[in-house]
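Comments concern the structure below.
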Amino acid sequence: MILKSCLIEQEEFILKPSYKYIKNTDKLIDSIKSLITKNNCSNLLLDLSGFNMIYAAQIGILASTHHFIKYIDGKITIIVDDENIKNYLLKLNFMKAEIIVNQPKSIDRQELS
């Protein structure tokens, strides 16, 4: 599964991209765009924990840009593993995203294969 999604409340979604699809970020971004387009998800939590700085920036910026095109007054929260990633994304913050740092968890190596 490329993308796990969960509707928490009306108009509030959690998205957790699968790290094993990182070699195909276009497909991953298309999945995120499709979910945003097909659903009413003005409040979005994008869990990018497990992704390095470059992939977190690429996915976070593209997903939030698409989200704010549809929901100009919407909210997106991006979860990352590291304070450095958060600071990097904040410097690129032409998006109105809130960025929070999650405590890193051990990565399941089977999930990456």
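Residues in the structure tokens are named by chain (A, B, ... in the order shown) and by number from 1 within that chain; ligands are numbered from 1 in the order shown.
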Next on the checklist: List as an NGL selection string the protein and nucleic acid residues near region 25-36 of chain A, meaning an atom at most 10 Å away when only C-alpha atoms are counted, but skip any in the same chain fewer than 3 places from it.
Outcome noted: :A and (2-5 or 13 or 15-19 or 21-22 or 39-42 or 44 or 46 or 55 or 58-60 or 62-68 or 70-71)
Would you export the selected residues with C-alpha atoms as a PDB file, in the first residue's frame, please?
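Result went into again-v8.pdb, see below:
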```pdb
ATOM      1  CA  ILE A   2       1.458   3.328  -1.079  1.00  0.00           C
ATOM      2  CA  LEU A   3      -0.530   5.462   1.291  1.00  0.00           C
ATOM      3  CA  LYS A   4      -2.423   4.704   4.468  1.00  0.00           C
ATOM      4  CA  SER A   5      -5.211   7.139   5.124  1.00  0.00           C
ATOM      5  CA  PHE A  13      -7.522  12.988   7.532  1.00  0.00           C
ATOM      6  CA  LEU A  15      -1.973  10.332   5.714  1.00  0.00           C
ATOM      7  CA  LYS A  16       1.018   8.063   6.216  1.00  0.00           C
ATOM      8  CA  PRO A  17       3.003   7.439   3.015  1.00  0.00           C
ATOM      9  CA  SER A  18       4.838   4.137   2.832  1.00  0.00           C
ATOM     10  CA  TYR A  19       8.607   4.517   2.807  1.00  0.00           C
ATOM     11  CA  TYR A  21       7.581   3.467  -2.367  1.00  0.00           C
ATOM     12  CA  ILE A  22      10.178   6.226  -2.063  1.00  0.00           C
ATOM     13  CA  ASN A  39     -12.235  13.720  -0.342  1.00  0.00           C
ATOM     14  CA  ASN A  40     -13.278  16.635   1.761  1.00  0.00           C
ATOM     15  CA  CYS A  41     -10.121  16.894   3.867  1.00  0.00           C
ATOM     16  CA  SER A  42      -9.569  20.529   4.744  1.00  0.00           C
ATOM     17  CA  LEU A  44      -4.769  17.137   6.917  1.00  0.00           C
ATOM     18  CA  LEU A  46       0.760  14.221   6.866  1.00  0.00           C
ATOM     19  CA  TYR A  55      12.077  13.338   0.597  1.00  0.00           C
ATOM     20  CA  GLN A  58       9.650  17.051  -1.706  1.00  0.00           C
ATOM     21  CA  ILE A  59       6.561  15.240  -0.477  1.00  0.00           C
ATOM     22  CA  GLY A  60       5.624  17.898   2.091  1.00  0.00           C
ATOM     23  CA  LEU A  62       4.057  19.152  -3.187  1.00  0.00           C
ATOM     24  CA  ALA A  63       1.305  17.731  -0.974  1.00  0.00           C
ATOM     25  CA  SER A  64       0.749  20.975   0.922  1.00  0.00           C
ATOM     26  CA  THR A  65       0.730  23.029  -2.271  1.00  0.00           C
ATOM     27  CA  HIS A  66      -1.963  20.786  -3.750  1.00  0.00           C
ATOM     28  CA  HIS A  67      -3.875  20.866  -0.447  1.00  0.00           C
ATOM     29  CA  PHE A  68      -3.850  24.678  -0.217  1.00  0.00           C
ATOM     30  CA  LYS A  70      -8.147  23.214  -2.902  1.00  0.00           C
ATOM     31  CA  TYR A  71      -8.459  24.471   0.682  1.00  0.00           C
TER      32      TYR A  71
END
```
Next on the checklist: Can you measure CA of Ala97 (chain A) to CA of Lys20 (chain A) for me? One decimal in Å is fine.
Outcome noted: 24.7 Å
Next on the checklist: Which residue is closest to Asn43 (chain A)? Choose from A:Val101, A:Ile76, A:Ile85, A:Ile61 and count only C-alpha atoms.
Outcome noted: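 Once distances to Asn43 (chain A) are computed over only C-alpha atoms, the minimum belongs to A:Ile76.
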Checklist entry - What does the distance between CA of Gly50 (chain A) and CA of Glu98 (chain A) come to in Å, to one decimal place? => result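 Between these atoms lies a distance of 17.8 Å.
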Next on the checklist: as a ChimeraX atom specification, please: every residue in region 37-74 of chain A that DSSP puts in strand (DSSP E or B).
Outcome noted: /A:43-47
Checklist entry - CA of Gly74 (chain A) and CA of Asn24 (chain A) are how many Å apart? => result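 According to the coordinates, CA of Gly74 (chain A) and CA of Asn24 (chain A) are separated by 27.3 Å.
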Next on the checklist: Quick check for you: according to DSSP on this backbone, which residues of region 6-74 of chain A are classed as helix (DSSP H, G or I)? Reply as an MDAnalysis selection string.
Outcome noted: chainID A and resid 19:38 53:70
